[in-house]
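Asker: Handing you this structure, nothing more for now.
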Amino acid sequence: MIDAGQLRKGIAIELEGKIYQVVEYTHIKMGRGSAQVKLRLRDVRGGGMVERAFQATERFEPAFLEHRPVQFLYAEGDAYNVMDTESYEQYELQAEQIGDGVKFLKDGLMLEVLMHGGSVVTVELPTAVELAVVETDPGFKGNTATGGSKPAKLESGAVVQVPLFIAVGDVLKIDTRTGTYIEKAS
């Protein structure tokens with residue numbers, strides 16, 4: 001068991017039958033009462049955020065999440081196949097486990113799965129991925145990096161807003177957390 005005072009950012013706990021990861025931790029000492037701990041928690045399976053306050057003396061059950069590196073192999077309908085790069089074991093993941101990140105998957109992409117009790121809980125994508133533009137409106141002379149934006153379809157099927165100078169065939173760096181253009185990679 002973990003005391004509330006021992007909780008820190010990134011620690012996973014079991015609470016009310018769900019697994020949560022601590023995102024923010026604030027220790028509050030009242031003038032005349034016992035100390036409290038205010039937590040901002042992320043539901044590891046669902047992805048939702050919850051804010052809760054607990055007494056500093058409260059205890060929590062730790063959730064041991066195993067981080068495993070995997071490589072994305074291919075998609076088959078609504079199933080996404082990945083391979084553990086250490087044991088070469090293959091897993092079939094559902095779109096709900098990957099979340100919005102499915103639109104940034106391409107063959108060979110390295111991911112990280114979080115496992116609890118031998119089953120995959122969630123999948124973490126790298127912060128940025130490099131994807132080629134397969135379809136966009138042509139750029140014209142005089143278009144600049146600050147002159148506006150246009151939609152571009154990437155090799156993974158995702159559509160993002162890009163600067164006007166981006167052309168078909170360009171490789172772009174995309175932020176997987178926000179789904180936005182970062183920079184031109186090549």
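We name chains A, B, ... following the order of the structure tokens; residues begin at 1 in each chain, and ligands are numbered from 1 as shown.
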Just the residues within 12 Å of Arg59 (chain A), please, counting only C-alpha atoms, with nothing from its chain fewer than 5 positions along; format it as a short mmCIF file (atom, residue, chain, number, x, y, z; two decimals) with all heavy atoms, in the first residue's frame.
Answerer:
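The file below, around.cif, is the result:
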```cif
data_model
loop_
_atom_site.label_atom_id
_atom_site.label_comp_id
_atom_site.auth_asym_id
_atom_site.auth_seq_id
_atom_site.Cartn_x
_atom_site.Cartn_y
_atom_site.Cartn_z
N MET A 1 0.84 -1.18 0.00
CA MET A 1 0.00 0.00 0.00
C MET A 1 0.89 1.25 0.00
O MET A 1 1.96 1.27 0.58
CB MET A 1 -0.90 0.01 1.24
CG MET A 1 -1.88 -1.15 1.32
SD MET A 1 -3.16 -1.10 0.06
CE MET A 1 -4.31 0.01 0.76
N ILE A 2 0.38 2.30 -0.63
CA ILE A 2 1.11 3.56 -0.72
C ILE A 2 0.33 4.62 0.06
O ILE A 2 -0.88 4.76 -0.12
CB ILE A 2 1.21 4.03 -2.19
CG1 ILE A 2 1.94 3.01 -3.04
CG2 ILE A 2 1.90 5.38 -2.27
CD1 ILE A 2 1.96 3.37 -4.52
N ASP A 3 1.02 5.35 0.92
CA ASP A 3 0.40 6.47 1.62
C ASP A 3 0.18 7.61 0.63
O ASP A 3 0.95 7.77 -0.33
CB ASP A 3 1.30 6.98 2.75
CG ASP A 3 1.37 6.00 3.91
OD1 ASP A 3 0.36 5.33 4.17
OD2 ASP A 3 2.44 5.93 4.55
N ALA A 4 -0.82 8.44 0.88
CA ALA A 4 -1.11 9.57 0.01
C ALA A 4 0.09 10.52 -0.08
O ALA A 4 0.34 11.12 -1.11
CB ALA A 4 -2.34 10.32 0.49
N GLY A 5 0.85 10.63 1.00
CA GLY A 5 2.03 11.49 1.00
C GLY A 5 3.17 10.98 0.14
O GLY A 5 4.08 11.72 -0.20
N GLN A 6 3.14 9.68 -0.23
CA GLN A 6 4.19 9.10 -1.06
C GLN A 6 3.87 9.16 -2.55
O GLN A 6 4.71 8.80 -3.37
CB GLN A 6 4.42 7.64 -0.66
CG GLN A 6 4.96 7.47 0.74
CD GLN A 6 5.01 6.01 1.15
OE1 GLN A 6 4.14 5.23 0.81
NE2 GLN A 6 6.07 5.66 1.86
N LEU A 7 2.67 9.60 -2.89
CA LEU A 7 2.29 9.67 -4.30
C LEU A 7 3.07 10.77 -5.00
O LEU A 7 3.33 11.81 -4.43
CB LEU A 7 0.80 9.94 -4.44
CG LEU A 7 -0.13 8.81 -4.02
CD1 LEU A 7 -1.57 9.27 -4.11
CD2 LEU A 7 0.08 7.58 -4.87
N ILE A 13 -2.09 3.96 -9.62
CA ILE A 13 -2.79 3.39 -8.47
C ILE A 13 -4.11 2.77 -8.93
O ILE A 13 -4.63 3.12 -9.99
CB ILE A 13 -3.07 4.45 -7.38
CG1 ILE A 13 -3.93 5.59 -7.94
CG2 ILE A 13 -1.79 4.96 -6.76
CD1 ILE A 13 -4.43 6.57 -6.89
N GLU A 14 -4.62 1.84 -8.10
CA GLU A 14 -5.95 1.28 -8.34
C GLU A 14 -6.91 2.00 -7.41
O GLU A 14 -6.66 2.10 -6.21
CB GLU A 14 -5.96 -0.22 -8.07
CG GLU A 14 -5.23 -1.02 -9.12
CD GLU A 14 -5.35 -2.51 -8.92
OE1 GLU A 14 -6.47 -2.98 -8.63
OE2 GLU A 14 -4.33 -3.19 -9.02
N LEU A 15 -8.00 2.49 -7.96
CA LEU A 15 -8.99 3.23 -7.19
C LEU A 15 -10.36 2.93 -7.75
O LEU A 15 -10.60 3.13 -8.94
CB LEU A 15 -8.68 4.73 -7.28
CG LEU A 15 -9.54 5.69 -6.48
CD1 LEU A 15 -9.33 5.47 -4.98
CD2 LEU A 15 -9.19 7.13 -6.83
N VAL A 37 -4.43 15.84 0.32
CA VAL A 37 -3.69 15.66 -0.92
C VAL A 37 -4.70 15.81 -2.05
O VAL A 37 -5.72 15.13 -2.08
CB VAL A 37 -3.03 14.27 -0.97
CG1 VAL A 37 -2.38 14.05 -2.31
CG2 VAL A 37 -2.02 14.12 0.13
N PHE A 54 -8.00 13.79 -1.06
CA PHE A 54 -7.95 12.72 -0.08
C PHE A 54 -7.24 13.22 1.18
O PHE A 54 -6.45 14.16 1.11
CB PHE A 54 -7.16 11.51 -0.62
CG PHE A 54 -7.74 10.92 -1.87
CD1 PHE A 54 -7.24 11.28 -3.12
CD2 PHE A 54 -8.77 10.01 -1.81
CE1 PHE A 54 -7.76 10.74 -4.27
CE2 PHE A 54 -9.30 9.46 -2.96
CZ PHE A 54 -8.80 9.82 -4.19
#
```
Asker: Give me every strand (DSSP E or B) residue in chain A, going by DSSP on the backbone, as a ChimeraX atom specification.
Answerer: /A:2-3,12-15,18-28,36-43,49-55,59-62,66-76,79-84,90-94,110-116,119-124,128-136,149-154,159-163,171-175,180-184
Asker: Hey, what's within 8 Å of Ala95 (chain A) if we count only C-alpha atoms and toss same-chain stuff fewer than 3 positions away? As a ChimeraX atom specification, please?
Answerer: /A:78-80,98-99,102
Asker: As a ChimeraX atom specification, please: the residues near Arg68 (chain A) (cut-off 7 Å, only C-alpha atoms, same-chain neighbours under 4 positions excluded).
Answerer: /A:84,112-114
Asker: Can you pull out every residue from chain A that DSSP, working from the backbone, puts in helix (DSSP H, G or I), and format the result as a VMD selection string?
Answerer: chain A and resid 4 to 6 95 to 104
Asker: Could you please take those selected residues and save C-alpha atoms as a PDB file, in the first residue's frame?
Answerer:
```
ATOM      1  CA  ALA A   4      -1.107   9.575   0.006  1.00  0.00           C
ATOM      2  CA  GLY A   5       2.027  11.489   1.000  1.00  0.00           C
ATOM      3  CA  GLN A   6       4.190   9.102  -1.062  1.00  0.00           C
ATOM      4  CA  ALA A  95      -8.870   0.972 -31.820  1.00  0.00           C
ATOM      5  CA  GLU A  96     -10.160   1.885 -28.330  1.00  0.00           C
ATOM      6  CA  GLN A  97      -6.832   0.823 -26.772  1.00  0.00           C
ATOM      7  CA  ILE A  98      -4.870   3.093 -29.120  1.00  0.00           C
ATOM      8  CA  GLY A  99      -7.314   5.999 -29.075  1.00  0.00           C
ATOM      9  CA  ASP A 100      -6.879   8.933 -31.459  1.00  0.00           C
ATOM     10  CA  GLY A 101      -3.363   7.728 -32.252  1.00  0.00           C
ATOM     11  CA  VAL A 102      -4.675   5.231 -34.831  1.00  0.00           C
ATOM     12  CA  LYS A 103      -4.628   7.978 -37.465  1.00  0.00           C
ATOM     13  CA  PHE A 104      -0.844   8.327 -37.085  1.00  0.00           C
TER      14      PHE A 104
END
```
Asker: Can you work out the spacing between CA of Lys9 (chain A) and CA of Thr26 (chain A) in Å, to one decimal?
Answerer: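 Taking CA of Lys9 (chain A) as the start and CA of Thr26 (chain A) as the end point, the length is 10.0 Å.
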Asker: Residues at most 12 Å from region 130-134 of chain A, counting only C-alpha atoms, excluding those fewer than 5 positions away in the same chain, as JSON, numbers by chain?
Answerer: {"A": [103, 104, 105, 106, 107, 108, 109, 110, 151, 152, 153, 154, 155, 156, 157, 158, 159, 160, 161, 162, 166, 167, 168, 169, 170, 171, 172, 173, 174, 175, 176, 179, 180, 181, 182, 183, 184, 185, 186]}
Asker: Taking only C-alpha atoms into account, which of A:Arg40, A:Phe64, A:Leu111, A:Val50 comes nearest Met83 (chain A)?
Answerer: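 Closest candidate: A:Leu111.
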Asker: Nearest to Glu61 (chain A) among A:Ile11, A:Met115, A:Leu164, A:Leu125, with distances taken over only C-alpha atoms: which residue is it?
Answerer: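 Under the stated criterion, the closest residue is A:Ile11.
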Asker: Suppose you want the space between CA of Ala63 (chain A) and CA of Lys38 (chain A); what is it in Å?
Answerer: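 One can read the CA of Ala63 (chain A) to CA of Lys38 (chain A) distance as 19.0 Å.
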